[in-house]
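*Asks:* A single structure is presented below for examination.
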Amino acid sequence: MQQHAPVAQLQNVGVTIDTTHILHDINLRVDAQRIVAVVGASGSGKSTLLRLLNGLQAPSAGQVLRAGQALDTSNLRQVRMNTGYALQQIGLLPHLSARDNIALPMHLAGWLDNDTQQRIDQLSERLRLSAQQLARYPSQLSGGQQQRVGLCRAMALQPDLLLLDEAFSGLDAITRNATHQRFSELRGSEINACLLVTHDLTEARKLADDLVIMRAGRIVRQGPCESVLQDPQDDYARELIETFA
């Protein structure tokens, strides 16, 4: 398997808040053209990985790298322009239409109106959002439509790294499967590298190339998805995998 250049890395990273150890000696890389899924119980430290890569959390030990360079804490604006971030709660601004929510990062980045419009048209076509849906406010959209608007906004600036924190949770099975399908269709065209945090191993297997299993702030197993699933090498990882068998 050809290995691409790392878009993001955590090297021997630890996070301690007050006296609580959140992460212990984490080594993780997200390569170009790869989707990495992180699974584990609540409180295992999954979301903290995303916060580290987006500059929202500083490591207590170790190093965070973006494109092979230490994360530049003096220029987090640029880091975040190169990072798409979508959450389970979506975070759409209720007083803005779907279209204006998607446009927001482009306006903040200083894009021209014509370029912004072209990008919105491109994204909405790829994620199958109609002009009527784009004109509505978030409260007027279904859960699946809101998720797709959130994905459009996260991908608006064509980031080199996409971070998804339970971004598909809370949807009914039919809507979730349809959203997964839209997401998979974006491989190559819109998604360069992605770190996907999920509690659902079935979702991870469907969407990801690589799988990371965490427990109590540590990575207990990681590797290509099927390799991890077939050979857990850890009792907790084996138990988690058997739960979804």
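Labels used: A, B, ... for chains in the order of the structure tokens, numbers from 1 for residues in each chain, and numbers from 1 for ligands as shown.
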Name the residues in contact with segment 70-74 of chain A at a cut-off of 9 Å, using only C-alpha atoms, excluding same-chain residues fewer than 5 positions from it; report them as a PyMOL selection string.

*Replies:* chain A and resi 53-55+58+63-65+79

*Asks:* Among segment 107-210 of chain A, which residues does DSSP mark as alpha helix (DSSP H) when it is run on the backbone? Keep the chain and numbering as in the structure and answer as a PyMOL selection string.

*Replies:* chain A and resi 107-108+113-126+131-134+143-155+173-185+201-207

*Asks:* Grab the residues selected above and save them as a short mmCIF file (atom, residue, chain, number, x, y, z; two decimals), in the first residue's frame with N, CA and C atoms.

*Replies:*
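Listing of part-v2.cif after writing:
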```cif
data_model
loop_
_atom_site.label_atom_id
_atom_site.label_comp_id
_atom_site.auth_asym_id
_atom_site.auth_seq_id
_atom_site.Cartn_x
_atom_site.Cartn_y
_atom_site.Cartn_z
N HIS A 107 -16.59 34.27 3.69
CA HIS A 107 -16.62 35.72 3.97
C HIS A 107 -15.51 36.09 4.95
N LEU A 108 -15.33 35.28 5.99
CA LEU A 108 -14.30 35.57 6.98
C LEU A 108 -12.90 35.48 6.38
N ASP A 113 -17.46 37.70 -3.62
CA ASP A 113 -18.83 37.18 -3.63
C ASP A 113 -19.04 36.16 -4.75
N ASN A 114 -18.49 36.42 -5.92
CA ASN A 114 -18.69 35.50 -7.04
C ASN A 114 -18.03 34.15 -6.78
N ASP A 115 -16.85 34.17 -6.18
CA ASP A 115 -16.16 32.92 -5.84
C ASP A 115 -16.92 32.16 -4.76
N THR A 116 -17.45 32.91 -3.81
CA THR A 116 -18.25 32.29 -2.74
C THR A 116 -19.48 31.61 -3.32
N GLN A 117 -20.16 32.30 -4.23
CA GLN A 117 -21.36 31.74 -4.83
C GLN A 117 -21.05 30.47 -5.62
N GLN A 118 -19.96 30.51 -6.38
CA GLN A 118 -19.58 29.32 -7.16
C GLN A 118 -19.26 28.14 -6.26
N ARG A 119 -18.59 28.42 -5.15
CA ARG A 119 -18.24 27.34 -4.22
C ARG A 119 -19.48 26.76 -3.55
N ILE A 120 -20.42 27.61 -3.17
CA ILE A 120 -21.67 27.12 -2.58
C ILE A 120 -22.43 26.26 -3.58
N ASP A 121 -22.49 26.70 -4.82
CA ASP A 121 -23.18 25.92 -5.85
C ASP A 121 -22.51 24.56 -6.03
N GLN A 122 -21.18 24.54 -6.02
CA GLN A 122 -20.44 23.30 -6.19
C GLN A 122 -20.72 22.33 -5.05
N LEU A 123 -20.63 22.84 -3.81
CA LEU A 123 -20.84 21.98 -2.64
C LEU A 123 -22.28 21.50 -2.53
N SER A 124 -23.22 22.39 -2.77
CA SER A 124 -24.63 22.00 -2.64
C SER A 124 -25.00 20.96 -3.69
N GLU A 125 -24.41 21.04 -4.86
CA GLU A 125 -24.66 20.01 -5.88
C GLU A 125 -24.09 18.67 -5.44
N ARG A 126 -22.89 18.69 -4.89
CA ARG A 126 -22.25 17.45 -4.49
C ARG A 126 -22.93 16.80 -3.28
N ALA A 131 -31.80 24.57 -4.05
CA ALA A 131 -31.84 26.02 -3.82
C ALA A 131 -32.87 26.36 -2.77
N GLN A 132 -34.00 25.64 -2.76
CA GLN A 132 -35.04 25.88 -1.75
C GLN A 132 -34.53 25.57 -0.35
N GLN A 133 -33.78 24.47 -0.21
CA GLN A 133 -33.23 24.12 1.10
C GLN A 133 -32.18 25.12 1.55
N LEU A 134 -31.37 25.61 0.63
CA LEU A 134 -30.34 26.59 0.98
C LEU A 134 -30.94 27.90 1.46
N GLY A 143 -32.90 16.88 10.08
CA GLY A 143 -31.60 16.60 10.68
C GLY A 143 -30.55 16.27 9.64
N GLY A 144 -30.93 15.45 8.65
CA GLY A 144 -29.99 15.10 7.60
C GLY A 144 -29.57 16.29 6.76
N GLN A 145 -30.52 17.16 6.48
CA GLN A 145 -30.20 18.38 5.71
C GLN A 145 -29.26 19.29 6.51
N GLN A 146 -29.51 19.42 7.81
CA GLN A 146 -28.62 20.21 8.65
C GLN A 146 -27.21 19.63 8.66
N GLN A 147 -27.10 18.30 8.74
CA GLN A 147 -25.78 17.67 8.73
C GLN A 147 -25.05 17.98 7.43
N ARG A 148 -25.77 17.95 6.32
CA ARG A 148 -25.13 18.21 5.03
C ARG A 148 -24.72 19.68 4.90
N VAL A 149 -25.52 20.58 5.45
CA VAL A 149 -25.13 22.00 5.47
C VAL A 149 -23.87 22.15 6.32
N GLY A 150 -23.81 21.48 7.47
CA GLY A 150 -22.62 21.54 8.31
C GLY A 150 -21.39 21.01 7.60
N LEU A 151 -21.54 19.94 6.84
CA LEU A 151 -20.41 19.40 6.07
C LEU A 151 -19.97 20.38 4.99
N CYS A 152 -20.94 21.00 4.32
CA CYS A 152 -20.61 22.01 3.30
C CYS A 152 -19.79 23.13 3.92
N ARG A 153 -20.23 23.61 5.07
CA ARG A 153 -19.51 24.70 5.74
C ARG A 153 -18.10 24.25 6.14
N ALA A 154 -17.98 23.01 6.64
CA ALA A 154 -16.66 22.51 7.05
C ALA A 154 -15.71 22.38 5.87
N MET A 155 -16.25 22.11 4.68
CA MET A 155 -15.42 21.90 3.51
C MET A 155 -15.29 23.14 2.64
N ALA A 173 -31.76 5.79 10.85
CA ALA A 173 -30.92 4.88 10.07
C ALA A 173 -30.94 5.20 8.58
N ILE A 174 -32.10 5.51 8.04
CA ILE A 174 -32.21 5.78 6.60
C ILE A 174 -31.46 7.06 6.25
N THR A 175 -31.68 8.12 7.03
CA THR A 175 -31.00 9.39 6.78
C THR A 175 -29.50 9.26 6.96
N ARG A 176 -29.10 8.49 7.96
CA ARG A 176 -27.68 8.31 8.22
C ARG A 176 -27.00 7.58 7.06
N ASN A 177 -27.63 6.53 6.56
CA ASN A 177 -27.07 5.80 5.42
C ASN A 177 -26.95 6.70 4.20
N ALA A 178 -27.96 7.53 3.97
CA ALA A 178 -27.91 8.44 2.82
C ALA A 178 -26.79 9.46 2.99
N THR A 179 -26.61 9.97 4.21
CA THR A 179 -25.55 10.94 4.46
C THR A 179 -24.18 10.29 4.31
N HIS A 180 -24.05 9.04 4.78
CA HIS A 180 -22.81 8.29 4.57
C HIS A 180 -22.49 8.18 3.08
N GLN A 181 -23.52 7.91 2.29
CA GLN A 181 -23.32 7.76 0.85
C GLN A 181 -22.82 9.06 0.24
N ARG A 182 -23.45 10.19 0.62
CA ARG A 182 -23.01 11.48 0.10
C ARG A 182 -21.55 11.74 0.50
N PHE A 183 -21.23 11.41 1.74
CA PHE A 183 -19.88 11.63 2.25
C PHE A 183 -18.87 10.79 1.46
N SER A 184 -19.17 9.54 1.24
CA SER A 184 -18.25 8.65 0.53
C SER A 184 -18.01 9.12 -0.90
N GLU A 185 -19.01 9.73 -1.50
CA GLU A 185 -18.88 10.22 -2.87
C GLU A 185 -17.90 11.39 -2.98
N LEU A 201 -18.68 1.52 15.55
CA LEU A 201 -17.67 0.77 14.81
C LEU A 201 -18.17 0.41 13.40
N THR A 202 -19.46 0.22 13.25
CA THR A 202 -20.03 -0.07 11.93
C THR A 202 -19.81 1.12 10.99
N GLU A 203 -20.04 2.32 11.50
CA GLU A 203 -19.80 3.54 10.71
C GLU A 203 -18.32 3.66 10.36
N ALA A 204 -17.46 3.39 11.33
CA ALA A 204 -16.02 3.46 11.08
C ALA A 204 -15.61 2.50 9.97
N ARG A 205 -16.12 1.30 10.03
CA ARG A 205 -15.77 0.30 9.02
C ARG A 205 -16.27 0.70 7.64
N LYS A 206 -17.40 1.33 7.59
CA LYS A 206 -17.99 1.73 6.31
C LYS A 206 -17.21 2.88 5.67
N LEU A 207 -16.75 3.83 6.48
CA LEU A 207 -16.22 5.07 5.94
C LEU A 207 -14.70 5.17 5.95
#
```

*Asks:* Each residue of segment 35-92 of chain A with at least one atom at most 10 Å from segment 21-29 of chain A should appear once, together with its nearest atom pair and the corresponding distance in Å (one decimal); atoms considered: only C-alpha atoms; ordering: chain, then increasing residue number; output as a Markdown table.

*Replies:*
```
| residue | atom | partner | partner_atom | distance |
| --- | --- | --- | --- | --- |
| A:Val36 | CA | A:Arg29 | CA | 8.7 |
| A:Gly43 | CA | A:Ile22 | CA | 8.4 |
| A:Ser44 | CA | A:Ile22 | CA | 7.8 |
| A:Gly45 | CA | A:Ile22 | CA | 6.1 |
| A:Lys46 | CA | A:Leu23 | CA | 9.2 |
| A:Thr48 | CA | A:Ile22 | CA | 8.0 |
| A:Leu49 | CA | A:Leu23 | CA | 8.7 |
| A:Pro59 | CA | A:Leu23 | CA | 9.0 |
| A:Ser60 | CA | A:Leu23 | CA | 9.2 |
| A:Ala61 | CA | A:Asp25 | CA | 8.0 |
| A:Gly62 | CA | A:Asp25 | CA | 7.7 |
| A:Gln63 | CA | A:Asn27 | CA | 9.6 |
| A:Val64 | CA | A:Leu28 | CA | 9.7 |
| A:Leu65 | CA | A:Arg29 | CA | 9.1 |
| A:Arg66 | CA | A:Arg29 | CA | 9.8 |
```

*Asks:* Pick from A:Gln222, A:Asn192, A:Thr19, A:Ser227: nearest to Ala32 of chain A, with only C-alpha atoms counted?

*Replies:*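 Looking at the shortest contact to Ala32 of chain A, the residue is A:Asn192.
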
*Asks:* Can you pull out every residue within 8 Å of His199 of chain A, counting only C-alpha atoms, but drop anything in the same chain fewer than 6 positions away, and send it as a PDB file with all heavy atoms, in the first residue's frame?

*Replies:*
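Result saved to selection-v3.pdb:
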```pdb
ATOM      1  N   VAL A  39     -12.436   5.297  17.568  1.00  0.00           N
ATOM      2  CA  VAL A  39     -13.567   4.800  18.343  1.00  0.00           C
ATOM      3  C   VAL A  39     -13.114   4.514  19.766  1.00  0.00           C
ATOM      4  O   VAL A  39     -11.926   4.315  20.037  1.00  0.00           O
ATOM      5  CB  VAL A  39     -14.188   3.525  17.712  1.00  0.00           C
ATOM      6  CG1 VAL A  39     -14.698   3.804  16.312  1.00  0.00           C
ATOM      7  CG2 VAL A  39     -13.186   2.387  17.685  1.00  0.00           C
ATOM      8  N   GLY A  40     -14.079   4.497  20.662  1.00  0.00           N
ATOM      9  CA  GLY A  40     -13.810   4.240  22.071  1.00  0.00           C
ATOM     10  C   GLY A  40     -14.963   4.754  22.909  1.00  0.00           C
ATOM     11  O   GLY A  40     -15.813   5.494  22.424  1.00  0.00           O
ATOM     12  N   ALA A  41     -14.975   4.372  24.156  1.00  0.00           N
ATOM     13  CA  ALA A  41     -16.054   4.782  25.054  1.00  0.00           C
ATOM     14  C   ALA A  41     -15.994   6.286  25.311  1.00  0.00           C
ATOM     15  O   ALA A  41     -14.974   6.937  25.094  1.00  0.00           O
ATOM     16  CB  ALA A  41     -15.940   4.021  26.376  1.00  0.00           C
ATOM     17  N   SER A  42     -17.106   6.838  25.776  1.00  0.00           N
ATOM     18  CA  SER A  42     -17.145   8.245  26.165  1.00  0.00           C
ATOM     19  C   SER A  42     -16.084   8.498  27.232  1.00  0.00           C
ATOM     20  O   SER A  42     -15.905   7.690  28.152  1.00  0.00           O
ATOM     21  CB  SER A  42     -18.521   8.607  26.715  1.00  0.00           C
ATOM     22  OG  SER A  42     -19.502   8.460  25.716  1.00  0.00           O
ATOM     23  N   GLU A 166     -18.407  12.955  15.828  1.00  0.00           N
ATOM     24  CA  GLU A 166     -19.752  12.364  15.875  1.00  0.00           C
ATOM     25  C   GLU A 166     -20.690  13.097  14.912  1.00  0.00           C
ATOM     26  O   GLU A 166     -21.862  13.333  15.221  1.00  0.00           O
ATOM     27  CB  GLU A 166     -20.306  12.425  17.306  1.00  0.00           C
ATOM     28  CG  GLU A 166     -19.458  11.707  18.339  1.00  0.00           C
ATOM     29  CD  GLU A 166     -19.621  10.198  18.323  1.00  0.00           C
ATOM     30  OE1 GLU A 166     -20.305   9.677  17.430  1.00  0.00           O
ATOM     31  OE2 GLU A 166     -19.049   9.532  19.201  1.00  0.00           O
TER      32      GLU A 166
END
```

*Asks:* Check segment 92-231 of chain A with DSSP on the backbone and list each residue it calls strand (DSSP E), as a list of chain:residue names.

*Replies:*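 Put together, the selection reads A:Leu161, A:Leu162, A:Leu163, A:Leu164, A:Asp165, A:Ala193, A:Cys194, A:Leu195, A:Leu196, A:Val197, A:Asp210, A:Leu211, A:Val212, A:Ile213, A:Met214, A:Arg215, A:Arg218, A:Ile219, A:Val220, A:Arg221, A:Gln222, A:Gly223, A:Pro224.
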
*Asks:* From the set A:Arg136, A:His4, A:Arg187, A:Arg128, which residue has the shortest atom-to-atom contact distance to Leu96 of chain A, counting only C-alpha atoms?

*Replies:* A:Arg136

*Asks:* Of the candidates A:Gln230, A:Asp200, A:Pro105, A:Leu127, which one gets nearest to Phe244 of chain A if we count only C-alpha atoms?

*Replies:* A:Asp200

*Asks:* Do you have the atom CA of Asp31 of chain A-atom CA of Ala193 of chain A distance handy?

*Replies:*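 Distance between the two atoms: 6.3 Å.
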
*Asks:* Using only C-alpha atoms, which residues sit within 10 Å of Leu93 of chain A once same-chain residues fewer than 5 positions away are excluded, as JSON, numbers by chain?

*Replies:* {"A": [98, 100, 101, 104, 137, 138, 139]}

*Asks:* Using atom CA of Ile191 of chain A and atom CA of Ile102 of chain A as the two end points, give the distance in Å to one decimal.

*Replies:*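 Distance between the two atoms: 16.5 Å.
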
*Asks:* Out of A:Leu52, A:Thr20, A:Ser97, A:Leu211, which residue has the shortest atom-to-atom distance to Ile35 of chain A when counting only C-alpha atoms?

*Replies:*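 Among A:Leu52, A:Thr20, A:Ser97, A:Leu211, it is A:Leu211 that comes nearest to Ile35 of chain A.
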
*Asks:* Could you check the closest approach to Ala8 of chain A for each of A:Leu162, A:Ile241, A:Leu56, A:Leu141 and tell me which residue wins, using only C-alpha atoms?

*Replies:*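 Among A:Leu162, A:Ile241, A:Leu56, A:Leu141, it is A:Leu162 that comes nearest to Ala8 of chain A.
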